[in-house]
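Shown below: upload_19.txt, with compact mmCIF, C-alpha atoms and all ligand atoms.
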```txt
# COMPACT_ATOMS: atom_id res chain seq x y z
CA MET A 1 91.69 72.64 58.83
CA THR A 2 94.51 71.72 56.52
CA ASN A 3 97.75 73.44 55.88
CA ASP A 4 96.84 74.20 52.35
CA ASP A 5 93.61 75.96 53.30
CA PRO A 6 94.51 79.53 52.25
CA VAL A 7 91.92 81.11 54.50
CA ALA A 8 93.16 79.27 57.57
CA ILE A 9 96.77 80.13 56.77
CA SER A 10 96.05 83.81 56.31
CA ARG A 11 93.95 83.88 59.48
CA GLY A 12 96.75 82.28 61.46
CA PHE A 13 99.17 84.75 60.02
CA LEU A 14 97.03 87.79 60.49
CA GLU A 15 95.56 87.08 63.85
CA PRO A 16 98.40 88.34 66.05
CA GLN A 17 98.39 91.61 64.16
CA MET A 18 94.64 91.80 64.30
CA THR A 19 94.84 91.35 68.05
CA GLN A 20 97.31 94.22 68.31
CA ILE A 21 95.16 96.42 66.16
CA SER A 22 92.08 95.65 68.17
CA GLN A 23 94.07 96.40 71.38
CA MET A 24 95.05 99.76 69.94
CA LYS A 25 91.48 100.38 68.98
CA LYS A 26 90.46 99.59 72.52
CA HIS A 27 92.83 102.27 73.80
CA ALA A 28 91.55 104.61 71.16
CA ARG A 29 88.05 103.97 72.37
CA HIS A 30 89.07 104.78 75.95
CA PRO A 31 91.49 107.65 75.50
CA ILE A 32 90.99 108.82 79.09
CA ARG A 33 91.88 105.42 80.46
CA PHE A 34 94.89 105.29 78.17
CA ILE A 35 96.05 108.74 79.34
CA CYS A 36 95.52 107.68 82.95
CA VAL A 37 97.74 104.68 82.45
CA ILE A 38 100.47 106.87 80.94
CA CYS A 39 100.14 109.44 83.73
CA GLY A 40 100.25 106.75 86.37
CA PHE A 41 103.40 105.39 84.84
CA LEU A 42 104.97 108.84 84.71
CA ALA A 43 103.97 109.48 88.30
CA VAL A 44 105.64 106.27 89.40
CA ILE A 45 108.88 106.95 87.57
CA SER A 46 108.98 110.58 88.65
CA VAL A 47 108.38 109.82 92.32
CA HIS A 48 110.82 106.99 92.46
CA PRO A 49 114.14 108.88 92.18
CA ALA A 50 112.96 111.42 94.76
CA ARG A 51 112.42 108.57 97.18
CA ALA A 52 115.73 106.98 96.42
CA GLY A 53 117.73 110.12 97.22
CA SER A 54 115.42 111.43 99.93
CA VAL A 55 115.97 115.07 100.74
CA LYS A 56 116.99 115.76 104.30
CA ILE A 57 116.28 119.17 105.65
CA GLU A 58 118.00 120.19 108.83
CA LEU A 59 116.56 123.21 110.49
CA PRO A 60 118.99 125.40 112.33
CA PRO A 61 118.77 124.99 116.08
CA GLU A 62 116.70 127.52 117.96
CA THR A 63 119.26 130.19 118.75
CA ALA A 64 117.61 131.92 121.60
CA ALA A 65 116.28 130.76 124.92
CA LEU A 66 114.93 133.02 127.58
CA LYS A 67 116.98 133.67 130.70
CA LYS A 68 116.45 131.00 133.32
CA ALA A 69 114.45 132.50 136.14
CA PRO A 70 111.09 131.89 137.76
CA GLY A 71 108.44 132.29 135.07
CA ALA A 72 110.75 131.49 132.15
CA GLU A 73 108.83 128.35 131.26
CA LEU A 74 105.48 130.10 131.38
CA VAL A 75 106.71 132.96 129.22
CA THR A 76 108.39 130.63 126.73
CA ALA A 77 105.26 128.52 126.45
CA GLN A 78 103.00 131.52 125.95
CA CYS A 79 105.23 133.58 123.71
CA ILE A 80 106.83 131.04 121.39
CA VAL A 81 103.49 130.12 119.86
CA CYS A 82 103.82 132.71 117.08
CA HIS A 83 107.41 133.91 117.00
CA SER A 84 110.78 133.06 118.45
CA VAL A 85 111.86 134.43 121.80
CA ASP A 86 114.31 136.63 119.88
CA TYR A 87 111.42 139.08 119.75
CA ILE A 88 111.82 139.43 123.48
CA SER A 89 115.56 139.06 123.94
CA THR A 90 116.52 141.53 121.21
CA GLN A 91 114.42 144.37 122.60
CA PRO A 92 116.32 147.14 124.32
CA ARG A 93 115.98 147.16 128.10
CA LEU A 94 112.62 148.77 128.50
CA PRO A 95 110.54 149.67 131.55
CA ARG A 96 107.87 147.47 132.99
CA ALA A 97 105.17 149.58 131.35
CA TYR A 98 106.53 148.57 127.95
CA TRP A 99 106.29 144.88 128.77
CA GLN A 100 102.86 145.33 130.24
CA GLY A 101 101.83 146.97 126.98
CA ALA A 102 103.55 144.34 124.83
CA VAL A 103 101.85 141.45 126.60
CA THR A 104 98.47 143.17 126.40
CA LYS A 105 99.04 143.88 122.71
CA MET A 106 99.98 140.25 121.99
CA GLN A 107 96.90 139.13 123.85
CA GLN A 108 94.33 141.62 122.62
CA LYS A 109 95.53 142.70 119.18
CA PHE A 110 97.33 139.58 118.00
CA GLY A 111 95.14 137.03 119.73
CA ALA A 112 97.74 135.33 121.93
CA PRO A 113 95.81 132.84 124.07
CA ILE A 114 97.21 134.12 127.35
CA ALA A 115 95.00 133.49 130.36
CA ALA A 116 94.18 136.71 132.23
CA GLY A 117 95.64 135.17 135.38
CA ASP A 118 99.03 134.65 133.72
CA VAL A 119 99.54 138.23 132.55
CA ASP A 120 101.05 139.52 135.82
CA ALA A 121 103.48 136.63 136.12
CA ILE A 122 104.59 137.10 132.50
CA VAL A 123 105.04 140.85 132.90
CA ASP A 124 106.96 140.28 136.15
CA TYR A 125 109.34 137.91 134.46
CA LEU A 126 109.86 140.21 131.48
CA ALA A 127 110.32 143.33 133.58
CA LYS A 128 112.82 141.61 135.87
CA ASN A 129 114.84 139.86 133.20
CA TYR A 130 114.44 142.09 130.16
CA GLY A 131 113.46 145.35 131.81
CA ALA A 132 115.17 148.63 132.46
CA GLU A 133 115.69 147.84 136.13
CA PRO A 134 119.02 146.18 136.90
CA ALA A 135 118.77 142.46 136.22
CA PRO A 136 118.81 140.17 139.23
CA ALA A 137 122.10 138.45 139.92
CA ALA A 138 122.54 135.48 137.58
CA LYS A 139 121.67 132.19 139.16
C1 LIG B 1 99.18 135.02 118.65
C2 LIG B 1 100.53 135.16 118.22
C3 LIG B 1 101.50 135.80 119.18
C4 LIG B 1 101.84 135.38 120.44
C5 LIG B 1 101.33 134.15 121.18
C6 LIG B 1 102.82 136.31 120.91
N1 LIG B 1 103.09 137.24 119.96
FE1 LIG B 1 104.48 138.71 120.09
N2 LIG B 1 104.10 139.25 118.20
C7 LIG B 1 103.11 138.72 117.41
C8 LIG B 1 103.09 139.44 116.16
C9 LIG B 1 102.15 139.14 114.98
C10 LIG B 1 104.09 140.41 116.24
C11 LIG B 1 104.46 141.43 115.20
C12 LIG B 1 105.44 140.77 114.28
C13 LIG B 1 105.98 141.75 113.30
O1 LIG B 1 105.68 142.93 113.36
O2 LIG B 1 106.77 141.26 112.47
C14 LIG B 1 104.71 140.26 117.54
C15 LIG B 1 105.77 141.03 117.96
C16 LIG B 1 106.29 141.01 119.23
C17 LIG B 1 107.31 141.90 119.73
C18 LIG B 1 108.02 142.95 118.93
C19 LIG B 1 107.52 144.33 119.25
C20 LIG B 1 106.12 144.57 118.80
O3 LIG B 1 105.36 145.05 119.65
O4 LIG B 1 105.77 144.29 117.65
C21 LIG B 1 107.51 141.59 121.05
C22 LIG B 1 108.45 142.24 122.02
C23 LIG B 1 106.63 140.47 121.34
N3 LIG B 1 105.91 140.13 120.22
C24 LIG B 1 106.53 139.89 122.57
C25 LIG B 1 105.70 138.82 122.86
C26 LIG B 1 105.57 138.25 124.19
C27 LIG B 1 106.31 138.73 125.42
C28 LIG B 1 104.69 137.21 124.07
C29 LIG B 1 104.20 136.30 125.17
C30 LIG B 1 103.56 136.97 126.28
C31 LIG B 1 104.24 137.17 122.68
N4 LIG B 1 104.89 138.16 121.98
C32 LIG B 1 103.36 136.25 122.17
C33 LIG B 1 102.29 137.68 117.70
C34 LIG B 1 102.31 136.97 118.89
```

What is this file in structure tokens?
Ligand code: HEC
Amino acid sequence: MTNDDPVAISRGFLEPQMTQISQMKKHARHPIRFICVICGFLAVISVHPARAGSVKIELPPETAALKKAPGAELVTAQCIVCHSVDYISTQPRLPRAYWQGAVTKMQQKFGAPIAAGDVDAIVDYLAKNYGAEPAPAAK
């Protein structure tokens, strides 16, 4: 090949462009792959800033805890599964029959997984600490 060979010169000159064109054609032939590459790139740049300034969510502390008394742990464990203990502590002082009914309702209508053997202890605690009868002296 000599420098004055016009074909060789034009080939050398054109080849880089030809390569680009054939690259573009390749993408054109695989539009899905091309779109995937673009989407992947967008995904990377869109996720990145979110990571950099990671969002911190602080939940407010649980405001209510049941009164400390025998049975409090059992009741908390059984009753906090679906809702906060506010549901208990914000009720008006109601008679034992109400609490009996509430526990049975939670168990039978709402599906609370309360063992039959725990019902009495739970009702006792609720009636004593959140019932209509005078509350026991604070410990
Ligand atoms: C399986 C889920 C579940 C569990 C466990 C559960 N509850 Fe409930 N509780 C509910 C639902 C549902 C409601 C109705 C919520 C509403 O109306 O917004 C409710 C409401 C209440 C209320 C409000 C009055 C009423 O009757 O609607 C009280 C009081 C209550 N629950 C007490 C308890 C006690 C005490 C326990 C533990 C022995 C308990 N819950 C456990 C699901 C549950």

ask   = Could you state the separation of CA of Tyr125 in chain A and atom C32 of ligand LIG 1 (chain B) in Å, given to one decimal place?
value = 13.8 Å

Give as a tab-separated table (two decimals) with C-alpha atoms, in the coordinates of the input the residues surrounding ligand LIG 1 (chain B) up to a distance of 8 Å, considering all atoms listed in the file.
```tsv
chain	number	residue	atom	x	y	z
A	75	VAL	CA	106.71	132.96	129.22
A	76	THR	CA	108.39	130.63	126.73
A	77	ALA	CA	105.26	128.52	126.45
A	78	GLN	CA	103.00	131.52	125.95
A	79	CYS	CA	105.23	133.58	123.71
A	80	ILE	CA	106.83	131.04	121.39
A	81	VAL	CA	103.49	130.12	119.86
A	82	CYS	CA	103.82	132.71	117.08
A	83	HIS	CA	107.41	133.91	117.00
A	85	VAL	CA	111.86	134.43	121.80
A	87	TYR	CA	111.42	139.08	119.75
A	88	ILE	CA	111.82	139.43	123.48
A	91	GLN	CA	114.42	144.37	122.60
A	99	TRP	CA	106.29	144.88	128.77
A	102	ALA	CA	103.55	144.34	124.83
A	103	VAL	CA	101.85	141.45	126.60
A	105	LYS	CA	99.04	143.88	122.71
A	106	MET	CA	99.98	140.25	121.99
A	107	GLN	CA	96.90	139.13	123.85
A	110	PHE	CA	97.33	139.58	118.00
A	111	GLY	CA	95.14	137.03	119.73
A	112	ALA	CA	97.74	135.33	121.93
A	113	PRO	CA	95.81	132.84	124.07
A	114	ILE	CA	97.21	134.12	127.35
A	119	VAL	CA	99.54	138.23	132.55
A	122	ILE	CA	104.59	137.10	132.50
A	123	VAL	CA	105.04	140.85	132.90
A	126	LEU	CA	109.86	140.21	131.48
```

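Computed from the coordinates, the CA of Asn129 in chain A to CA of Pro95 in chain A distance equals 10.8 Å.
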
query = CA of Thr104 in chain A to CA of Asp120 in chain A: how many Å, to one decimal?
reply = 10.4 Å

request  = Tell me which of A:Val55, A:Ala72, A:Val37, A:Ala64 sits closest to Asp86 in chain A, counting all atoms listed in the file.
outcome  = A:Ala64

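With distances restricted to only C-alpha atoms, A:Gly131 is the closest residue to Ser89 in chain A from A:Gly131, A:Gly71, A:Gly117, A:Pro61.
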